[in-house]
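Encoded as structure tokens, the structure appears first; notes follow it.
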Amino acid sequence: MIYFEWILLVSIVVIAVFSIEVKDLLSAVILMGVSSLLVSFVFLLLHAPDVALSEASIGAALTMAIYVIAVKKTERREE
Amino acid sequence: MIRKIVYAIFIGIIIAGVLMFLSAFPFGENKMLVGKYYIENATNDAGAPNVVTAVTLLYRGFDTLGEVMVLFTAALGVSIIFAVEEKKKKVVQPPNFVVRVGSRIVFTFILLTGFYIFMHGHLTPGGGFQGGALIATGFLLLYLSYSDTGINRKRFMVAEGLGGIIYVFIGLIGLFVKGSFLANFLPKGTMFDLLSAGILLPLYIAIGLKVGSEFAGIVDDFMCEARCTGGEG
């Protein structure tokens, strides 16, 4: 069980770094959503299920949708 | 170069100060009397097993009203920014059959889950904000899957206004009956019943309506910005 938490925490950091470094902005937005979903799992493991609920619905769904619309209205590739 | 050294020294001083301040409090030890009071007495005061709900709605109900106002102001700002007269729907290709029918089925379950979360806010984790955000997620799915949703924006406004009015009205009843704003004037009932914990249930229904319609309104503004012609877009 402790290994699961380690894998979760390390993968959040790795995904966050990737979402900054990647050149395709749509992939960056999706990676951000994935990392926010994993953060909500961490909240659940820390016995804060109400925070996990808001993180999953706002961080992973609504924020991602708004960023996707912003990417669609501007440029997809970063220079 | 000198500027960088000065910055480094300043950042070092700030980090050292924060660490010294934090080292005065041993980790995990409860120093706050207010927090101790909440943990020991919240369940009895509110008649609800969920302490978080008791703190946000009973002890700090007025703060929650302020938070809802902040969210309302944010939604208002978004709709003012995107307000352009006479937007027309672009002709977009409708999504395929599976997406249309599947999203309609999933939308029902998301809506039910959202209602469940804010109806049971005083019994299980979650509450008005979480349930409202979940309902808005369902509306987002509906917007993504239909080319023409036919969702009436006015109904969001009616639900939002209704939520705010219910919240303030309950608070005012408490002011007249018990002498303080948002006082718990309803009977507590048996714990773990749905109709228990006094005013917590109607307050959470009001917050859920308000937050859900506000988030759905923001989503509506953004989707319209992405999809409609007219204005600058």
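In the structure tokens, the first chain shown is A, the next is B, and so on; residue numbers restart at 1 for each chain, and ligands run from 1 in the order shown.
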Exercise. Mind checking which residues fall within 10 Å of segment 28-44 of chain A, counting only C-alpha atoms, ignoring those fewer than 4 positions away in the same chain, and posting them as a ChimeraX atom specification?
Key: /A:5,8-9,11-24,48-68,71
Practice problem: Return as a PyMOL selection string the residues belonging to chain B that are within 12 Å of chain A, counting only C-alpha atoms. | Solution: chain B and resi 50-53+78+110+113-114+117-118+121-141+143-144+211-212+215-228+232-233
Self-check item: All helix (DSSP H, G or I) positions in segment 26-69 of chain B, as a PyMOL selection string
Solution: chain B and resi 33-46+51-59+61-69
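Here atom CA of Glu78 of chain A and atom CA of Ser27 of chain A stand 11.2 Å from one another.
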Quiz item: Just how far from atom CA of Leu57 of chain B is atom CA of Lys36 of chain B, in Å to one decimal?
Solution: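 We find that atom CA of Lys36 of chain B and atom CA of Leu57 of chain B lie 17.7 Å from each other.
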Practice problem: Could you tell me how far atom CA of Ala183 of chain B lies from atom CA of Arg60 of chain B, in Å and to one decimal? | Solution: 10.8 Å
